[in-house]
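Participant: Got a structure here, written out as structure tokens. Questions coming.
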Amino acid sequence: MESKEIRKKFLEFFEKRGHKVVPSSSLIPDDPSVLLTTAGMQQFKLYYIGKADPSKDFGAKNTASIQKSFRTSDIDEVGDDSHDTFFEMLGNFSFGGYFKKEAIQYGYDFFKEMSLPIDFVTVFGGDKEVPADEESEKFWKELGVKKVEKRGREDNFWGPTGNEGPCGPTTEIYVNGVEIWNIVFNQYYQESNKTLKPLEQNGVDTGMGFERLAMVLQKKKNIFETDLFAPFLELIPKEIPDRQKRIIVDHLRGSTFLLADGLRPSNKEAGYILRRLMRRVFVYEKLYKIPTHIYDAIIHDIVHEYGEFYQELLRENNAVREEFKKEGEKFYKTLERGLKELEKISEISSVSAFKLYETYGLPFEIIKELGGQKAATLTRDGFDEEFKKHQEISRAGLEKKFGGHGLILDTGELKAANKEELKKVTRLHTATHLLNAALRKVLGQDIRQDGSDITAERTRFDFTFPRKLTPEEVKMIEELVNSAVEKNMQVIKEEMDYQDAIKSGALHFFKEKYPGRVNVYTVSDPKTGEIFSKELCGGPHVSHTGEIGRFKIIKEESSSAGVRRIRAVVE
Ligand code: SER
């Protein structure tokens with residue numbers, strides 16, 4: 001089934017069932033607390049909270065839409081089988097019209113009409129604040145869906161977008177192991193201080209990723225083989241690796257839609273996201289010697305393929321292509337300056353390569369490729385090493401230098417976009433050390449770190465362990481970390497030789513390469529001398545554990561064979 005037909009079928013299905021079809025809102029939202037539109041419900045926020053009247057505005061209490069959406073959380077994963085930045089979301093919404101029974105029935109009936117067998121569904125399993133969604137479970141079972149999994153906050157609770165807003169438990173439909181449809185029951189309003197208040201009227205907000213739906217309906221292995229991507233991918237020269245091809249098309253599609261909605265590349269906020277997308281494709285253009293007309297041809301096709309559904313693309317066609325060209329010229333100017341500098345260097349070491357990167361934005365691949373013979377001894381490892389050294393040196397001065405725009409901290413493990421996030425990731429980072437230590441105390445000394453990733457929202461920690469943790473173990477680990485927090489232990493940094501650090505018993509991550517001199521962070525209780533944790537690390541950390549706040553494990557799951565994954569937050 002062609003994607004055009006899927007669009008039509010979806011909207012007709014809901015129109016027939018009393019929904020008013022509403023056009024997509026802009027990718028640049030009115031709501032100043034979010035940078036870009038990430039969900040279909042955003043344009044309906046006021047209807048959920050009773051501050052606008054759907055009957056007056058739409059002639060119905062229920063609507064349906066295909067919403068342009070953009071999520072930056074997955075930007076580095078684009079190129080695998082299922083991640084993209086820009087995507088479309090099919091959704092039906094109700095503001096005091098219908099609720100769980102009907103929403104679930106619609107989901108079930110639509111899949112039936114599309115001959116898509118439901119694998120299983122998930123429902124909210126309940127926690128201290130919000131009860132388990134037994135009603136949804138019952139409705140699914142009445143429809144004959146046998147497998148209903150209960151999940152927690154992280155998976156089955158939506159929202160709010162921005163600082164505050166409607167939110168609630170969700171039920172999700174899976175096909176071939178992939179989550180396809182998220183049905184949200186907006187029963188609460190989350191205040192900016194995180195408290196939940198029941199909403200006066202119940203709301204429904206559903207979202208189904210169009211690319212994923214097309215993937216299962218067109219029986220493709222990944223979203224890039226669907227007709228939403230394939231025709232554009234074909235325009236890229238064959239020799240270019242698949243991953244880069246996907247990134248190019250994803251980023252061109254995203255840039256085209258963002259430009260058509262009036263966003264312009266800049267160094268701050270949403271403009272910076274757009275600039276990153278564009279510059280990445282320019283780098284590939286240079287690197288792979290892609291003929292200059294190709295990108296313009298792809299943008300042309302995107303505009304015309306999608307223009308039927310999004311008039312703004314046709315209307316802004318010239319501006320989009322003009323802006324794209326302008327940004328390319330700007331980028332190439334800097335690039336040229338960098339390349340001139342590159343010419344002057346007789347042999348490119350990792351130090352000079354890093355300088356070129358830092359001053360002119362020349363990425364490693366370009367230096368290596370265009371440096372030719374002069375860059376013969378330059379390796380990715382050497383460059384990365386230099387990068388890391390620099391990060392350590394500059395971490396202290398980061399905030400001043402970047403003035404809070406873009407990512408001010410990105411060590412691979414830690415990511416922060418502004419001062420506030422930097423504070424949060426720092427707290428989460430020290431909490432992660434405490435977690436690593438607590439895991440050993442509870443599960444034994446044999447466990448090994450297998451990865452970690454920290455954003456302003458949460459820490460994610462992978463470690464080797466052969467089975468699921470029991471709820472008691474999870475609780476003990478959480479309590480151990482919180483006991484270290486309550487004791488307000490001190491965090492001390494010492495610089496020493498790598499070998500000495502290892503001998504001292506400091507934990508280290510076996511996948512990581514360390515320089516000869518390293519920093520060791522020790523968390524200890526000054527009153528009793530108890531050492532809680534000792535780890536090799538680049539920082540940054542809080543100075544006392546009391547700054548961390550309450551530590552909470554929100555999920556424990558398998559990450560891969562023999563590796564467990566914990567997600568945790570600090571409050
Ligand atoms: N708001 C939910 C989502 O974006 C459902 O539409 O997934």
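In the structure tokens, the first chain shown is A, the next is B, and so on; residue numbers restart at 1 for each chain, and ligands run from 1 in the order shown.
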Can you build me a table of chain A residues sitting at most 9 Å from ligand 1, with the closest atom pair per residue and its distance in Å to one decimal, using only C-alpha atoms and all ligand atoms, sorted by chain and residue number, as a tab-separated table?

Facilitator:
```
residue	atom	partner	partner_atom_place_in_ligand_line	distance
A:Thr38	CA	ligand 1	4 (O)	6.8
A:Ala39	CA	ligand 1	4 (O)	4.3
A:Gly40	CA	ligand 1	6 (O)	5.5
A:Met41	CA	ligand 1	1 (N)	5.6
A:Gln42	CA	ligand 1	1 (N)	7.9
A:Ser69	CA	ligand 1	4 (O)	8.9
A:Met89	CA	ligand 1	6 (O)	7.6
A:Leu90	CA	ligand 1	6 (O)	8.0
A:Gly91	CA	ligand 1	6 (O)	6.1
A:Asn92	CA	ligand 1	6 (O)	8.0
A:Phe93	CA	ligand 1	6 (O)	8.3
A:Trp158	CA	ligand 1	2 (C)	6.4
A:Gly159	CA	ligand 1	1 (N)	7.0
A:Pro160	CA	ligand 1	1 (N)	8.6
A:Thr161	CA	ligand 1	1 (N)	8.4
A:Cys167	CA	ligand 1	1 (N)	8.6
A:Thr170	CA	ligand 1	5 (C)	8.3
A:Trp181	CA	ligand 1	7 (O)	7.7
A:Asn182	CA	ligand 1	5 (C)	5.2
A:Ile183	CA	ligand 1	5 (C)	5.7
A:Val184	CA	ligand 1	5 (C)	5.6
A:Val204	CA	ligand 1	5 (C)	8.7
A:Asp205	CA	ligand 1	6 (O)	5.0
A:Thr206	CA	ligand 1	6 (O)	3.8
A:Gly207	CA	ligand 1	6 (O)	3.2
A:Met208	CA	ligand 1	6 (O)	6.9
A:Gly209	CA	ligand 1	7 (O)	8.2
```

Participant: Excluding stretch 556-569 of chain A and residues on its chain fewer than 4 positions from it, collect all residues at most 9 Å away from it, counting only C-alpha atoms, and give them as a VMD selection string.

Facilitator: chain A and resid 154 428 431 to 432 450 457 to 469 474 550 to 552

Participant: With C-alpha atoms retained, export the selected residues as a tab-separated table (two decimals), in the first residue's frame.

Facilitator:
```tsv
chain	number	residue	atom	x	y	z
A	154	GLU	CA	9.21	5.48	31.49
A	428	LEU	CA	23.38	12.58	37.65
A	431	ALA	CA	24.86	9.60	41.16
A	432	THR	CA	26.02	7.20	38.44
A	450	ASP	CA	29.25	-1.86	29.85
A	457	GLU	CA	16.63	13.93	32.21
A	458	ARG	CA	18.21	10.70	33.34
A	459	THR	CA	21.22	8.48	33.61
A	460	ARG	CA	21.38	5.21	31.72
A	461	PHE	CA	23.86	2.64	32.95
A	462	ASP	CA	24.67	-0.74	31.40
A	463	PHE	CA	26.47	-3.48	33.26
A	464	THR	CA	27.18	-7.17	32.92
A	465	PHE	CA	24.87	-9.39	34.96
A	466	PRO	CA	23.19	-12.61	33.91
A	467	ARG	CA	19.61	-12.12	35.04
A	468	LYS	CA	16.83	-9.69	35.83
A	469	LEU	CA	17.20	-7.94	39.17
A	474	VAL	CA	16.54	-2.71	42.94
A	550	ARG	CA	16.88	11.86	45.81
A	551	PHE	CA	17.97	9.06	43.51
A	552	LYS	CA	15.35	6.92	41.87
```

Participant: Using only C-alpha atoms, can you tell me which of A:Ala319, A:Ala375, A:Ala230, A:Leu362 comes closest to A:Ser346?

Facilitator: A:Ala375

Participant: Kindly indicate which residue among A:Val22, A:Ile236, A:Val121, A:Val281 lies nearest to A:Pro54, using only C-alpha atoms for the distances.

Facilitator: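 So, comparing all the options, the nearest one is A:Val22.
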
Participant: Quick one: everything within 8 Å of A:Lys45, counting only C-alpha atoms, minus sequence neighbours fewer than 4 positions away in the same chain. Send it as a ChimeraX atom specification.

Facilitator: /A:41,49,165-166

Participant: Can you work out which one of A:Lys146, A:Arg279, A:Lys424, A:Lys513 has the shortest atom-to-atom distance to A:Glu547, counting only C-alpha atoms?

Facilitator: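 Looking at the shortest contact to A:Glu547, the residue is A:Lys424.
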
Participant: For A:Lys389, work out the shell of residues within 12 Å, counting only C-alpha atoms and skipping chain neighbours fewer than 3 positions away, then give it as a PDB file with N, CA and C atoms, in the first residue's frame.

Facilitator:
```pdb
ATOM      1  N   SER A 350      48.024  14.876  15.039  1.00  0.00           N
ATOM      2  CA  SER A 350      46.691  14.957  15.652  1.00  0.00           C
ATOM      3  C   SER A 350      46.478  16.321  16.282  1.00  0.00           C
ATOM      4  N   VAL A 351      47.576  16.933  16.763  1.00  0.00           N
ATOM      5  CA  VAL A 351      47.431  18.269  17.367  1.00  0.00           C
ATOM      6  C   VAL A 351      47.015  19.292  16.305  1.00  0.00           C
ATOM      7  N   PHE A 354      43.488  18.677  15.157  1.00  0.00           N
ATOM      8  CA  PHE A 354      42.473  19.146  16.104  1.00  0.00           C
ATOM      9  C   PHE A 354      42.308  20.661  16.025  1.00  0.00           C
ATOM     10  N   GLY A 382      44.160   8.905  17.367  1.00  0.00           N
ATOM     11  CA  GLY A 382      44.988  10.040  17.770  1.00  0.00           C
ATOM     12  C   GLY A 382      44.159  11.310  17.835  1.00  0.00           C
ATOM     13  N   PHE A 383      43.306  11.478  16.863  1.00  0.00           N
ATOM     14  CA  PHE A 383      42.442  12.662  16.812  1.00  0.00           C
ATOM     15  C   PHE A 383      41.485  12.667  18.014  1.00  0.00           C
ATOM     16  N   ASP A 384      40.886  11.504  18.275  1.00  0.00           N
ATOM     17  CA  ASP A 384      39.946  11.399  19.400  1.00  0.00           C
ATOM     18  C   ASP A 384      40.639  11.687  20.731  1.00  0.00           C
ATOM     19  N   GLU A 385      41.863  11.204  20.839  1.00  0.00           N
ATOM     20  CA  GLU A 385      42.658  11.421  22.057  1.00  0.00           C
ATOM     21  C   GLU A 385      42.831  12.929  22.292  1.00  0.00           C
ATOM     22  N   GLU A 386      43.173  13.611  21.212  1.00  0.00           N
ATOM     23  CA  GLU A 386      43.387  15.051  21.278  1.00  0.00           C
ATOM     24  C   GLU A 386      42.083  15.745  21.665  1.00  0.00           C
ATOM     25  N   GLU A 392      38.819  17.967  28.425  1.00  0.00           N
ATOM     26  CA  GLU A 392      39.143  18.060  29.834  1.00  0.00           C
ATOM     27  C   GLU A 392      39.628  19.453  30.191  1.00  0.00           C
ATOM     28  N   ILE A 393      40.474  19.998  29.316  1.00  0.00           N
ATOM     29  CA  ILE A 393      41.012  21.332  29.593  1.00  0.00           C
ATOM     30  C   ILE A 393      39.894  22.369  29.565  1.00  0.00           C
ATOM     31  N   SER A 394      39.016  22.207  28.572  1.00  0.00           N
ATOM     32  CA  SER A 394      38.057  23.300  28.366  1.00  0.00           C
ATOM     33  C   SER A 394      36.795  23.165  29.200  1.00  0.00           C
ATOM     34  N   ARG A 395      36.650  22.042  29.841  1.00  0.00           N
ATOM     35  CA  ARG A 395      35.400  21.847  30.569  1.00  0.00           C
ATOM     36  C   ARG A 395      35.104  22.996  31.530  1.00  0.00           C
ATOM     37  N   THR A 411      30.664  14.751  26.292  1.00  0.00           N
ATOM     38  CA  THR A 411      31.871  13.940  26.468  1.00  0.00           C
ATOM     39  C   THR A 411      31.660  12.556  25.872  1.00  0.00           C
ATOM     40  N   LYS A 513      39.547   4.156  26.614  1.00  0.00           N
ATOM     41  CA  LYS A 513      41.017   4.283  26.576  1.00  0.00           C
ATOM     42  C   LYS A 513      41.391   5.452  27.474  1.00  0.00           C
ATOM     43  N   TYR A 514      42.328   5.245  28.381  1.00  0.00           N
ATOM     44  CA  TYR A 514      42.717   6.330  29.285  1.00  0.00           C
ATOM     45  C   TYR A 514      44.116   6.822  28.944  1.00  0.00           C
ATOM     46  N   PRO A 515      44.354   8.130  29.178  1.00  0.00           N
ATOM     47  CA  PRO A 515      45.724   8.640  28.993  1.00  0.00           C
ATOM     48  C   PRO A 515      46.632   8.179  30.141  1.00  0.00           C
ATOM     49  N   GLY A 516      47.920   8.478  30.080  1.00  0.00           N
ATOM     50  CA  GLY A 516      48.883   8.055  31.102  1.00  0.00           C
ATOM     51  C   GLY A 516      48.568   8.620  32.479  1.00  0.00           C
ATOM     52  N   ARG A 517      48.207   9.899  32.498  1.00  0.00           N
ATOM     53  CA  ARG A 517      47.802  10.510  33.775  1.00  0.00           C
ATOM     54  C   ARG A 517      46.284  10.572  33.801  1.00  0.00           C
ATOM     55  N   VAL A 518      45.711  10.209  34.922  1.00  0.00           N
ATOM     56  CA  VAL A 518      44.243  10.181  34.974  1.00  0.00           C
ATOM     57  C   VAL A 518      43.747  10.865  36.240  1.00  0.00           C
ATOM     58  N   GLY A 538      36.717  11.601  33.959  1.00  0.00           N
ATOM     59  CA  GLY A 538      37.080  12.945  33.510  1.00  0.00           C
ATOM     60  C   GLY A 538      36.254  14.044  34.156  1.00  0.00           C
TER      61      GLY A 538
END
```

Participant: Between atom CA of A:Arg380 and atom CA of A:Phe510, what distance in Å does the model show, to one decimal?

Facilitator: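 Taking atom CA of A:Arg380 and atom CA of A:Phe510, their separation equals 19.2 Å.
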
Participant: Which of stretch 146-266 of chain A counts as helix (DSSP H, G or I) under DSSP, as a PyMOL selection string please?

Facilitator: chain A and resi 153-156+210-217+223-225+230-233+242-260

Participant: Mind dumping the selected residues with C-alpha atoms as an mmCIF file, in the first residue's frame?

Facilitator:
```cif
data_model
loop_
_atom_site.group_PDB
_atom_site.id
_atom_site.type_symbol
_atom_site.label_atom_id
_atom_site.label_comp_id
_atom_site.auth_asym_id
_atom_site.auth_seq_id
_atom_site.Cartn_x
_atom_site.Cartn_y
_atom_site.Cartn_z
ATOM 1 C CA ARG A 153 6.312 5.456 33.909
ATOM 2 C CA GLU A 154 9.209 5.476 31.489
ATOM 3 C CA ASP A 155 7.308 3.468 28.872
ATOM 4 C CA ASN A 156 3.636 3.985 29.470
ATOM 5 C CA PHE A 210 3.822 7.302 9.786
ATOM 6 C CA GLU A 211 7.208 5.983 8.621
ATOM 7 C CA ARG A 212 6.954 2.978 10.919
ATOM 8 C CA LEU A 213 3.398 2.257 9.899
ATOM 9 C CA ALA A 214 4.430 2.427 6.241
ATOM 10 C CA MET A 215 7.319 0.089 7.033
ATOM 11 C CA VAL A 216 5.080 -2.659 8.402
ATOM 12 C CA LEU A 217 2.356 -2.160 5.803
ATOM 13 C CA ILE A 223 11.840 2.844 7.304
ATOM 14 C CA PHE A 224 14.335 3.822 4.581
ATOM 15 C CA GLU A 225 13.023 1.181 2.206
ATOM 16 C CA ALA A 230 13.478 5.254 -1.161
ATOM 17 C CA PRO A 231 12.876 7.599 -4.133
ATOM 18 C CA PHE A 232 15.160 10.235 -2.587
ATOM 19 C CA LEU A 233 17.854 7.753 -1.613
ATOM 20 C CA ASP A 242 24.210 3.394 3.099
ATOM 21 C CA ARG A 243 24.351 5.001 6.505
ATOM 22 C CA GLN A 244 25.522 8.315 5.071
ATOM 23 C CA LYS A 245 22.897 8.129 2.351
ATOM 24 C CA ARG A 246 20.196 7.774 4.990
ATOM 25 C CA ILE A 247 21.592 10.641 7.034
ATOM 26 C CA ILE A 248 21.684 12.858 3.953
ATOM 27 C CA VAL A 249 18.062 12.183 3.035
ATOM 28 C CA ASP A 250 16.819 12.456 6.615
ATOM 29 C CA HIS A 251 18.632 15.746 7.151
ATOM 30 C CA LEU A 252 17.587 17.199 3.790
ATOM 31 C CA ARG A 253 13.979 16.282 4.488
ATOM 32 C CA GLY A 254 14.163 17.814 7.977
ATOM 33 C CA SER A 255 15.888 20.968 6.725
ATOM 34 C CA THR A 256 13.365 21.421 3.921
ATOM 35 C CA PHE A 257 10.397 21.227 6.279
ATOM 36 C CA LEU A 258 12.008 23.466 8.919
ATOM 37 C CA LEU A 259 12.967 26.087 6.343
ATOM 38 C CA ALA A 260 9.468 26.019 4.837
#
```

Participant: Which is closer to A:Gly203 than all the others in A:Asp497, A:Glu420, A:Glu102, A:Asp227, using only C-alpha atoms?

Facilitator: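 Answer, going by the shortest atom-to-atom distance: A:Glu102.
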
Participant: Of the residues A:Pro363, A:Gln449, A:Gly50, A:Glu88, which is the one nearest to A:Leu228, using only C-alpha atoms?

Facilitator: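 Of A:Pro363, A:Gln449, A:Gly50, A:Glu88, the one nearest A:Leu228 is A:Glu88, counting only C-alpha atoms.
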
Participant: Would you mind listing what lies within 8 Å of A:Gly125 as a VMD selection string, with only C-alpha atoms counted and same-chain residues fewer than 2 positions away left out?

Facilitator: chain A and resid 123 127 131 to 133 150 to 152

Participant: Residues as selected, N, CA and C atoms, written as a compact mmCIF listing (two decimals), in the first residue's frame, can you do that?

Facilitator:
```txt
# COMPACT_ATOMS: atom_id res chain seq x y z
N VAL A 123 0.15 -1.65 28.76
CA VAL A 123 -0.67 -0.69 29.50
C VAL A 123 0.13 -0.20 30.71
N ASP A 127 1.93 3.13 39.75
CA ASP A 127 3.03 3.43 40.67
C ASP A 127 2.44 4.15 41.88
N PRO A 131 -2.65 5.10 39.64
CA PRO A 131 -3.01 3.67 39.70
C PRO A 131 -2.83 2.96 38.35
N ALA A 132 -2.71 1.66 38.42
CA ALA A 132 -2.59 0.84 37.21
C ALA A 132 -3.84 1.03 36.35
N ASP A 133 -3.65 0.96 35.04
CA ASP A 133 -4.76 1.18 34.12
C ASP A 133 -5.47 -0.16 33.84
N LYS A 150 2.28 -5.08 31.30
CA LYS A 150 2.17 -3.88 32.14
C LYS A 150 3.55 -3.23 32.24
N ARG A 151 3.60 -1.95 32.03
CA ARG A 151 4.89 -1.26 32.11
C ARG A 151 4.78 0.01 32.96
N GLY A 152 5.94 0.56 33.28
CA GLY A 152 5.97 1.69 34.22
C GLY A 152 5.97 3.05 33.55
```
